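Participant: Quick one: this structure, given as structure tokens, is what I'll be asking you about.
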Amino acid sequence: MDIATIIGLLGGTALVLSAIVMGGSATMFFNVPGLLIVAGGTLATCFIKFSMEDVINTMKVAMKAFMAKMDSPDKIIEEMISFAKIAKKNGMLALEKEKPNDVFCAKAVRYLADGYDEGIIEDMLNKDIRLTIKRHIVGQKIFKGMGASAPAFGMIGTLIGLVQMLASMDNPASIGPSMAVALLTTLYGALIANLICIPLADKLSLRSEQEQMNKSIIVEAAIGINRGLPPMILEDSLKIYLLPKNRQKPEPGEKEEEEN
Amino acid sequence: MDIATIIGLLGGTALVLSAIVMGGSATMFFNVPGLLIVAGGTLATCFIKFSMEDVINTMKVAMKAFMAKMDSPDKIIEEMISFAKIAKKNGMLALEKEKPNDVFCAKAVRYLADGYDEGIIEDMLNKDIRLTIKRHIVGQKIFKGMGASAPAFGMIGTLIGLVQMLASMDNPASIGPSMAVALLTTLYGALIANLICIPLADKLSLRSEQEQMNKSIIVEAAIGINRGLPPMILEDSLKIYLLPKNRQKPEPGEKEEEEN
Amino acid sequence: MDIATIIGLLGGTALVLSAIVMGGSATMFFNVPGLLIVAGGTLATCFIKFSMEDVINTMKVAMKAFMAKMDSPDKIIEEMISFAKIAKKNGMLALEKEKPNDVFCAKAVRYLADGYDEGIIEDMLNKDIRLTIKRHIVGQKIFKGMGASAPAFGMIGTLIGLVQMLASMDNPASIGPSMAVALLTTLYGALIANLICIPLADKLSLRSEQEQMNKSIIVEAAIGINRGLPPMILEDSLKIYLLPKNRQKPEPGEKEEEEN
Amino acid sequence: MDIATIIGLLGGTALVLSAIVMGGSATMFFNVPGLLIVAGGTLATCFIKFSMEDVINTMKVAMKAFMAKMDSPDKIIEEMISFAKIAKKNGMLALEKEKPNDVFCAKAVRYLADGYDEGIIEDMLNKDIRLTIKRHIVGQKIFKGMGASAPAFGMIGTLIGLVQMLASMDNPASIGPSMAVALLTTLYGALIANLICIPLADKLSLRSEQEQMNKSIIVEAAIGINRGLPPMILEDSLKIYLLPKNRQKPEPGEKEEEEN
Amino acid sequence: MDIATIIGLLGGTALVLSAIVMGGSATMFFNVPGLLIVAGGTLATCFIKFSMEDVINTMKVAMKAFMAKMDSPDKIIEEMISFAKIAKKNGMLALEKEKPNDVFCAKAVRYLADGYDEGIIEDMLNKDIRLTIKRHIVGQKIFKGMGASAPAFGMIGTLIGLVQMLASMDNPASIGPSMAVALLTTLYGALIANLICIPLADKLSLRSEQEQMNKSIIVEAAIGINRGLPPMILEDSLKIYLLPKNRQKPEPGEKEEEEN
């Protein structure tokens, strides 16, 4: 699983917990009805907003996004260049024996080996990218939607608590504790949104962009191979996708530090 | 009707009601003038923002969106492939006898059978999609507009209540209950917006996107049939619209788990 | 005038007034200095943001938008089809005698009769649409700008009142009424923005979209007439602009209820 | 200078001042440290966000935007039509003697007289427009950025004041005045943002759009002249930029009141 | 380092500190647990949202953005014009000996000297620009993300403090100081966001735009050189990138003050 995500989630939770414990009794921060209304309300709106299939699918995709290790762009470039060399040396048909691990890459290689037209290769691969992004966006929308609903239900819970407290304000001594309980749902909503939902939505979006870039490299390489571009020029062109410091074989006089 | 929407609406309402009942008397949460100002004000702005025809139309469209079952993309792809095979075997004219259930699909098939130009087929079907989306967007705007007005009128109701309470602050004992009543409209506004209007607007948008994808598949298939694309290649191209795991006949070496 | 707008404005105002009256004395909700600072401040920023000419023009356009009755799309389609039939039967020049009521339509017909090139007709009519939309957007911006300024000046008024109250807090009995007065400007700001300005901005935007669609129908029809498209095919193509249920002569097997 | 801006700024300030004076002592609304933290903090962030050169440039551009009188579109159209007539009568070279006041117009005329290609004329003039807009956008961003920072520093000032007040709450009598002072920074922030920065940013944006439209007219006219378009047709095409009521020579049967 | 950024950061901090010191004891504004929860929580969400590699890379890029001095556009234009003259006089191959300092410029010159096709030069340089911008946007997103998280964790800290205070409200005398401490985290969050994170994100965005413009000048010049455009015309075209007052050799009759 993605280490930064774990560190962030655990670290953030630990910080909040320590702030709670340092202030004395931690049990008063635990309120089941409050948790139910915030988490339950957020989940309920999630079901109204999306189809059950989407929610379940998203959870799977999200899990995968945090668990799976994505290929680094330079590994992909290296692999594509090796295919370009094979195609140059032994012809397109020789690519038939290549079985890249990545499904998308395998599809691109198969199209090349099958001798599809450049237009069709480009269209079908780009459509694949476009539709993958669409599915990713649904996943991000679910997390963003929960990040918007949680504070709202936190406020709803607090309003319910305040109304109950104000309506029966006989004993001034009970005002403090009642209000403390009422505020808890706002706290729950803020934590669910800001520590979990919104950051995870952003992580999914970042992952989606990385995957999209990896696939773009494959598409560009496939088109270059199909056109019979010399592997060296193809490599030059693909290396632009890398950070300047990761582009091997710098030209003489090139000062890497200046680019970013 | 869409099950997830029902579960969400009922579940969310049940959660809020239980939080209210658990806190004691539930009757104090029921305030007719407060409900009137929030629901009435929201409806009033809705009439100013939109034409009466739009509001009524939207309600119908929204009902349909929650009741009607949409065809799944793979059923549509299957049907279009069968048309492609018929056209390939017996010529375009043979499509005249096909009567697909879906209006949009029927229109596409009729255009094919009538021998329209590819450009005209594409233009007219895409215009249909574009204008359907426009109508859907009006529906989403109405629900989003109500989701923005409800909290505003909740605040307006609370402000009116606060001014009345503060102006006649003779009896300190009555401050609590008066303020409780004043806060109720804010609660109503938050519930109407966050439990009903905003989630329904999002659901409509999701439904609209699904319908748009279904229609895009039909357009792409119709163009492919018109061009005489081999049904197998057409199927390959249309299957990209499906989730990776739903694409039948995976290529050897393809690892479905890696795509999303 | 547009009936829905009147119903909404009157209904919303009546609701707010009844909520005020039901709570007792209504006079305390009327505060001239508070009204002056909110309405005056909103107007002042409106003058800084826009030119005087724009503000006056917008008021006129807004009045017209609420008063004028817009042609329904099907009436426009009918008229354009009749022109197409005339052009088909008697040639383009015969259109010279046609004098449609709508200025934009008259212009399109004149271009056709004068035998302009298709490119020029399309360019000039589309430029007209584009620039009309630009003028409409200024109008919407003015109402939206007032909808954003009003709550801000409501808050400014409340802050001024609070500072005055807090600075001279000698008599605890006067705190309540002073604060009530201070809150009034916030209430005014919320009402001006949410009951008047924001809904009117949305209505103008809706009207602009309708007008834009009407003009698009005319442009498309004019190009079709110029190309000599058969009136029947042109009608088919224009009818897509209508709601499915308003498209006459449904194809056999077409189930209107399924489209939206 | 632009009259509406002056009226708005003075009127808004007068309204706020009268509201302050009417409430009694006005001196309590004047707090130097509070003003320093809001205005100073806003300026400090402005320096972090932009380069010093940008800030100074913007101030100059803003001054000019409020002082300079912009040519009205119909004057520009008239001038361009006169150039078109000269070019038609005496050839492009005759434009060499024309010296329009406007720099951009002079450049367009020079390109025409020098016999540049249509593509180059269009590219260079449009690049000029695009880069001018970019510079204007930096100016708007500066004012918008200050409009966002001012309320934030207002809140920061109030928080500092509240913490100081709450930490030394020995004398209940001093709570009111201390809190009044603490609230002043929020008031300052709201006034700086809503009465000055945001409206000025909007005015700059409006001015930028007007200038852009003026320049678009010149580009379109220059291209038309280069193509040898008849001055009458060119005039017809340029007049679309004007408000319907300002377009001279209305066609018979044209009802101006209906367009907007 | 960028002077305006330093002035802004130091000036803003000094203003806030002086406001704190002027109010009496400054130590009460220093609260380690509060700082930990705001800064720590912000950092934790930052780790969830982005990959560790991105965060570290961004810090480096940000440092460079503030330290490095960017070439001014007119220096770049001058250099490119000198290359154009060399190419005109001695042929493209003569460019091989030129070693511009800027990496991007060096790459463009090398492509020219190597005799690449115009299409390839344009594609590869523009891809470089596009991908550099993408990397910059990740950097801006990190700062903007922290600017959004900091106030949220400030509020979370205050909520925790309020709940603890309200739950144990035995001693009224301790309410003030407890609440002061609770408010501190909100103050920390507002300062981190508004004085540091948001302004730095804006500065990075401005820098990115400047770099992008510099690179666009180089691309345009490279294409012009490749096409053999006369250096004078190329200079004319590139000078449009400069502020009007910085464009040398003004045409007679040109009034610079009128453009902006």
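Please note that chains go A, B, ... in the order of the structure tokens, that every chain numbers its residues from 1, and that ligands are numbered from 1 in the order shown.
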Applying 8 Å and only C-alpha atoms, which residues near Gly40 (chain C) remain after dropping the ones on its own chain fewer than 3 positions away? List them as number ranges by chain.
Facilitator: C: 35-37, 43-44; D: 11-12, 15
Participant: Taking only residues of chain E that have an atom at most 6 Å from an atom of chain A, what is each one's shortest atom pair and its distance in Å to one decimal, using only C-alpha atoms, in chain and number order, as JSON lines?
Facilitator:
```
{"residue": "E:Ile37", "atom": "CA", "partner": "A:Leu15", "partner_atom": "CA", "distance": 5.9}
{"residue": "E:Gly41", "atom": "CA", "partner": "A:Gly12", "partner_atom": "CA", "distance": 5.2}
{"residue": "E:Ala44", "atom": "CA", "partner": "A:Gly8", "partner_atom": "CA", "distance": 4.1}
{"residue": "E:Thr45", "atom": "CA", "partner": "A:Gly8", "partner_atom": "CA", "distance": 5.8}
{"residue": "E:Phe47", "atom": "CA", "partner": "A:Gly8", "partner_atom": "CA", "distance": 5.0}
{"residue": "E:Ile48", "atom": "CA", "partner": "A:Thr5", "partner_atom": "CA", "distance": 4.1}
{"residue": "E:Lys49", "atom": "CA", "partner": "A:Lys203", "partner_atom": "CA", "distance": 4.5}
{"residue": "E:Phe50", "atom": "CA", "partner": "A:Lys203", "partner_atom": "CA", "distance": 5.9}
{"residue": "E:Ser51", "atom": "CA", "partner": "A:Ala4", "partner_atom": "CA", "distance": 5.9}
{"residue": "E:Met52", "atom": "CA", "partner": "A:Ala4", "partner_atom": "CA", "distance": 5.8}
{"residue": "E:Val103", "atom": "CA", "partner": "A:Glu254", "partner_atom": "CA", "distance": 5.5}
{"residue": "E:Asp128", "atom": "CA", "partner": "A:Ile240", "partner_atom": "CA", "distance": 5.9}
{"residue": "E:Val163", "atom": "CA", "partner": "A:Ala180", "partner_atom": "CA", "distance": 4.6}
{"residue": "E:Leu166", "atom": "CA", "partner": "A:Gly176", "partner_atom": "CA", "distance": 4.5}
{"residue": "E:Ala167", "atom": "CA", "partner": "A:Pro177", "partner_atom": "CA", "distance": 4.4}
```
Participant: Between CA of Asp114 (chain E) and CA of Ala84 (chain E), what is the spacing in Å?
Facilitator: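 Separation between CA of Ala84 (chain E) and CA of Asp114 (chain E): 15.3 Å.
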Participant: Between CA of Pro231 (chain B) and CA of Lys89 (chain B), measure the distance and give it in Å to one decimal.
Facilitator: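 If I compute the distance from CA of Pro231 (chain B) to CA of Lys89 (chain B), I get 10.6 Å.
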Participant: Could you give me, as a ChimeraX atom specification, the residues within 8 Å of Val138 (chain E), counting only C-alpha atoms and dropping anything in the same chain fewer than 4 positions from it?
Facilitator: /E:54,58,134,142
Participant: When you draw a straight line from CA of Gln164 (chain D) to CA of Cys46 (chain D), how long is it in Å?
Facilitator: 27.5 Å
